>>> print(open('work08.pdb').read())   # PDB, N, CA and C atoms, pLDDT in the B column
ATOM      1  N   MET A   1      85.351 104.805  86.776  1.00 45.00           N
ATOM      2  CA  MET A   1      85.303 105.213  88.151  1.00 45.00           C
ATOM      3  C   MET A   1      86.300 106.334  88.432  1.00 45.00           C
ATOM      4  N   ARG A   2      86.723 106.982  87.390  1.00 46.00           N
ATOM      5  CA  ARG A   2      87.691 108.054  87.533  1.00 46.00           C
ATOM      6  C   ARG A   2      87.196 109.143  88.472  1.00 46.00           C
ATOM      7  N   GLU A   3      85.859 109.317  88.532  1.00 47.00           N
ATOM      8  CA  GLU A   3      85.287 110.351  89.403  1.00 47.00           C
ATOM      9  C   GLU A   3      85.626 110.122  90.872  1.00 47.00           C
ATOM     10  N   LEU A   4      85.862 108.877  91.223  1.00 49.00           N
ATOM     11  CA  LEU A   4      86.087 108.523  92.625  1.00 49.00           C
ATOM     12  C   LEU A   4      87.563 108.550  93.016  1.00 49.00           C
ATOM     13  N   ARG A   5      88.413 108.887  92.069  1.00 50.00           N
ATOM     14  CA  ARG A   5      89.857 108.895  92.351  1.00 50.00           C
ATOM     15  C   ARG A   5      90.188 109.966  93.381  1.00 50.00           C
ATOM     16  N   GLY A   6      91.107 109.683  94.190  1.00 53.00           N
ATOM     17  CA  GLY A   6      91.506 110.644  95.219  1.00 53.00           C
ATOM     18  C   GLY A   6      90.948 110.254  96.576  1.00 53.00           C
ATOM     19  N   ALA A   7      91.193 111.076  97.533  1.00 47.00           N
ATOM     20  CA  ALA A   7      90.751 110.798  98.908  1.00 47.00           C
ATOM     21  C   ALA A   7      89.282 111.128  99.077  1.00 47.00           C
ATOM     22  N   ILE A   8      88.615 110.402  99.957  1.00 53.00           N
ATOM     23  CA  ILE A   8      87.230 110.672 100.313  1.00 53.00           C
ATOM     24  C   ILE A   8      87.221 111.199 101.742  1.00 53.00           C
ATOM     25  N   ILE A   9      86.548 112.326 101.930  1.00 48.00           N
ATOM     26  CA  ILE A   9      86.476 112.921 103.262  1.00 48.00           C
ATOM     27  C   ILE A   9      85.541 112.090 104.124  1.00 48.00           C
ATOM     28  N   ASP A  10      85.988 111.717 105.283  1.00 49.00           N
ATOM     29  CA  ASP A  10      85.111 111.033 106.230  1.00 49.00           C
ATOM     30  C   ASP A  10      85.486 111.430 107.649  1.00 49.00           C
ATOM     31  N   GLN A  11      84.731 110.938 108.574  1.00 51.00           N
ATOM     32  CA  GLN A  11      84.909 111.353 109.966  1.00 51.00           C
ATOM     33  C   GLN A  11      86.213 110.852 110.573  1.00 51.00           C
ATOM     34  N   PHE A  12      86.854 109.856 109.971  1.00 55.00           N
ATOM     35  CA  PHE A  12      88.063 109.290 110.550  1.00 55.00           C
ATOM     36  C   PHE A  12      89.339 109.991 110.112  1.00 55.00           C
ATOM     37  N   ASP A  13      89.279 110.800 109.047  1.00 61.00           N
ATOM     38  CA  ASP A  13      90.489 111.452 108.560  1.00 61.00           C
ATOM     39  C   ASP A  13      90.166 112.869 108.090  1.00 61.00           C
ATOM     40  N   PRO A  14      89.829 113.751 109.008  1.00 59.00           N
ATOM     41  CA  PRO A  14      89.444 115.109 108.623  1.00 59.00           C
ATOM     42  C   PRO A  14      90.559 115.898 107.956  1.00 59.00           C
ATOM     43  N   ASP A  15      91.821 115.490 108.125  1.00 63.00           N
ATOM     44  CA  ASP A  15      92.930 116.191 107.489  1.00 63.00           C
ATOM     45  C   ASP A  15      92.902 116.067 105.972  1.00 63.00           C
ATOM     46  N   THR A  16      92.184 115.083 105.441  1.00 56.00           N
ATOM     47  CA  THR A  16      92.110 114.944 103.988  1.00 56.00           C
ATOM     48  C   THR A  16      91.345 116.087 103.352  1.00 56.00           C
ATOM     49  N   ALA A  17      90.607 116.844 104.125  1.00 56.00           N
ATOM     50  CA  ALA A  17      89.855 117.977 103.576  1.00 56.00           C
ATOM     51  C   ALA A  17      90.777 119.028 102.978  1.00 56.00           C
ATOM     52  N   ASN A  18      92.035 119.031 103.376  1.00 65.00           N
ATOM     53  CA  ASN A  18      92.989 120.002 102.849  1.00 65.00           C
ATOM     54  C   ASN A  18      93.585 119.584 101.506  1.00 65.00           C
ATOM     55  N   GLN A  19      93.329 118.369 101.078  1.00 65.00           N
ATOM     56  CA  GLN A  19      93.840 117.902  99.799  1.00 65.00           C
ATOM     57  C   GLN A  19      92.975 118.439  98.674  1.00 65.00           C
ATOM     58  N   SER A  20      93.587 118.659  97.511  1.00 69.00           N
ATOM     59  CA  SER A  20      92.848 119.260  96.400  1.00 69.00           C
ATOM     60  C   SER A  20      91.964 118.275  95.649  1.00 69.00           C
ATOM     61  N   ASP A  21      92.174 116.979  95.820  1.00 72.00           N
ATOM     62  CA  ASP A  21      91.412 115.999  95.041  1.00 72.00           C
ATOM     63  C   ASP A  21      90.418 115.203  95.887  1.00 72.00           C
ATOM     64  N   THR A  22      89.847 115.827  96.899  1.00 74.00           N
ATOM     65  CA  THR A  22      88.910 115.131  97.773  1.00 74.00           C
ATOM     66  C   THR A  22      87.472 115.310  97.323  1.00 74.00           C
ATOM     67  N   LEU A  23      86.636 114.371  97.713  1.00 80.00           N
ATOM     68  CA  LEU A  23      85.194 114.436  97.476  1.00 80.00           C
ATOM     69  C   LEU A  23      84.490 114.179  98.791  1.00 80.00           C
ATOM     70  N   PRO A  24      83.405 114.886  99.029  1.00 84.00           N
ATOM     71  CA  PRO A  24      82.588 114.519 100.195  1.00 84.00           C
ATOM     72  C   PRO A  24      82.065 113.094  99.997  1.00 84.00           C
ATOM     73  N   VAL A  25      81.959 112.354 101.062  1.00 85.00           N
ATOM     74  CA  VAL A  25      81.562 110.955 100.960  1.00 85.00           C
ATOM     75  C   VAL A  25      80.188 110.809 100.298  1.00 85.00           C
ATOM     76  N   GLU A  26      79.274 111.732 100.525  1.00 88.00           N
ATOM     77  CA  GLU A  26      77.946 111.652  99.907  1.00 88.00           C
ATOM     78  C   GLU A  26      78.044 111.747  98.381  1.00 88.00           C
ATOM     79  N   VAL A  27      78.899 112.622  97.895  1.00 87.00           N
ATOM     80  CA  VAL A  27      79.088 112.782  96.449  1.00 87.00           C
ATOM     81  C   VAL A  27      79.728 111.520  95.877  1.00 87.00           C
ATOM     82  N   ALA A  28      80.728 110.988  96.565  1.00 86.00           N
ATOM     83  CA  ALA A  28      81.384 109.774  96.103  1.00 86.00           C
ATOM     84  C   ALA A  28      80.394 108.609  96.032  1.00 86.00           C
ATOM     85  N   ARG A  29      79.530 108.500  97.029  1.00 90.00           N
ATOM     86  CA  ARG A  29      78.522 107.427  97.017  1.00 90.00           C
ATOM     87  C   ARG A  29      77.562 107.592  95.851  1.00 90.00           C
ATOM     88  N   ASP A  30      77.122 108.812  95.604  1.00 90.00           N
ATOM     89  CA  ASP A  30      76.208 109.064  94.478  1.00 90.00           C
ATOM     90  C   ASP A  30      76.872 108.728  93.145  1.00 90.00           C
ATOM     91  N   LEU A  31      78.135 109.112  92.975  1.00 90.00           N
ATOM     92  CA  LEU A  31      78.855 108.810  91.745  1.00 90.00           C
ATOM     93  C   LEU A  31      79.041 107.307  91.567  1.00 90.00           C
ATOM     94  N   LEU A  32      79.390 106.631  92.637  1.00 91.00           N
ATOM     95  CA  LEU A  32      79.564 105.183  92.579  1.00 91.00           C
ATOM     96  C   LEU A  32      78.250 104.488  92.245  1.00 91.00           C
ATOM     97  N   SER A  33      77.186 104.911  92.877  1.00 92.00           N
ATOM     98  CA  SER A  33      75.870 104.320  92.615  1.00 92.00           C
ATOM     99  C   SER A  33      75.458 104.508  91.159  1.00 92.00           C
ATOM    100  N   ALA A  34      75.679 105.692  90.621  1.00 92.00           N
ATOM    101  CA  ALA A  34      75.336 105.968  89.227  1.00 92.00           C
ATOM    102  C   ALA A  34      76.174 105.106  88.284  1.00 92.00           C
ATOM    103  N   ALA A  35      77.453 104.942  88.582  1.00 92.00           N
ATOM    104  CA  ALA A  35      78.322 104.123  87.740  1.00 92.00           C
ATOM    105  C   ALA A  35      77.888 102.661  87.771  1.00 92.00           C
ATOM    106  N   ILE A  36      77.525 102.162  88.943  1.00 93.00           N
ATOM    107  CA  ILE A  36      77.052 100.780  89.055  1.00 93.00           C
ATOM    108  C   ILE A  36      75.745 100.607  88.306  1.00 93.00           C
ATOM    109  N   ASP A  37      74.829 101.554  88.436  1.00 94.00           N
ATOM    110  CA  ASP A  37      73.559 101.487  87.709  1.00 94.00           C
ATOM    111  C   ASP A  37      73.784 101.438  86.197  1.00 94.00           C
ATOM    112  N   ARG A  38      74.703 102.269  85.701  1.00 94.00           N
ATOM    113  CA  ARG A  38      75.006 102.274  84.259  1.00 94.00           C
ATOM    114  C   ARG A  38      75.555 100.920  83.816  1.00 94.00           C
ATOM    115  N   GLN A  39      76.480 100.371  84.590  1.00 95.00           N
ATOM    116  CA  GLN A  39      77.073  99.085  84.225  1.00 95.00           C
ATOM    117  C   GLN A  39      76.041  97.964  84.278  1.00 95.00           C
ATOM    118  N   MET A  40      75.162  97.984  85.259  1.00 95.00           N
ATOM    119  CA  MET A  40      74.117  96.964  85.346  1.00 95.00           C
ATOM    120  C   MET A  40      73.149  97.059  84.168  1.00 95.00           C
ATOM    121  N   THR A  41      72.801  98.269  83.781  1.00 95.00           N
ATOM    122  CA  THR A  41      71.915  98.468  82.634  1.00 95.00           C
ATOM    123  C   THR A  41      72.558  97.934  81.360  1.00 95.00           C
ATOM    124  N   ILE A  42      73.833  98.219  81.173  1.00 95.00           N
ATOM    125  CA  ILE A  42      74.550  97.719  80.000  1.00 95.00           C
ATOM    126  C   ILE A  42      74.589  96.198  80.006  1.00 95.00           C
ATOM    127  N   ALA A  43      74.864  95.602  81.157  1.00 95.00           N
ATOM    128  CA  ALA A  43      74.937  94.136  81.253  1.00 95.00           C
ATOM    129  C   ALA A  43      73.580  93.513  80.953  1.00 95.00           C
ATOM    130  N   ILE A  44      72.512  94.070  81.481  1.00 95.00           N
ATOM    131  CA  ILE A  44      71.172  93.543  81.236  1.00 95.00           C
ATOM    132  C   ILE A  44      70.819  93.644  79.753  1.00 95.00           C
ATOM    133  N   GLN A  45      71.098  94.786  79.148  1.00 95.00           N
ATOM    134  CA  GLN A  45      70.817  94.957  77.724  1.00 95.00           C
ATOM    135  C   GLN A  45      71.623  93.984  76.884  1.00 95.00           C
ATOM    136  N   HIS A  46      72.859  93.742  77.261  1.00 94.00           N
ATOM    137  CA  HIS A  46      73.706  92.806  76.524  1.00 94.00           C
ATOM    138  C   HIS A  46      73.121  91.394  76.586  1.00 94.00           C
ATOM    139  N   HIS A  47      72.685  90.974  77.763  1.00 94.00           N
ATOM    140  CA  HIS A  47      72.164  89.610  77.915  1.00 94.00           C
ATOM    141  C   HIS A  47      70.779  89.452  77.305  1.00 94.00           C
ATOM    142  N   GLU A  48      70.015  90.534  77.218  1.00 93.00           N
ATOM    143  CA  GLU A  48      68.695  90.455  76.590  1.00 93.00           C
ATOM    144  C   GLU A  48      68.807  90.460  75.068  1.00 93.00           C
ATOM    145  N   GLY A  49      69.881  91.036  74.561  1.00 85.00           N
ATOM    146  CA  GLY A  49      70.056  91.152  73.102  1.00 85.00           C
ATOM    147  C   GLY A  49      70.688  89.952  72.559  1.00 85.00           C
TER
END
>>> encode(input="work08.pdb", output="structure tokens")
Amino acid sequence: MRELRGAIIDQFDPDTANQSDTLPVEVARDLLSAAIDRQMTIAIQHHEG
């Protein structure tokens, strides 16, 4: 989940946009979803094998 490290820009803290390690919330959600999908696929394959 290293991709998600740092601040996430959202409507409640617009000042975080000035930080160098921020991600738009949509990008963070997509990265998180992809990471969860990968982990679920690995878990399913492990239990089927």
>>> atom_distance(input="work08.pdb", atom1="CA of Gly49 in chain A", atom2="CA of Ala34 in chain A")
22.5 Å
>>> atom_distance(input="work08.pdb", atom1="atom N of Glu26 in chain A", atom2="atom C of Ile44 in chain A")
28.8 Å
>>> atom_distance(input="work08.pdb", atom1="atom N of His46 in chain A", atom2="atom C of Leu32 in chain A")
19.2 Å
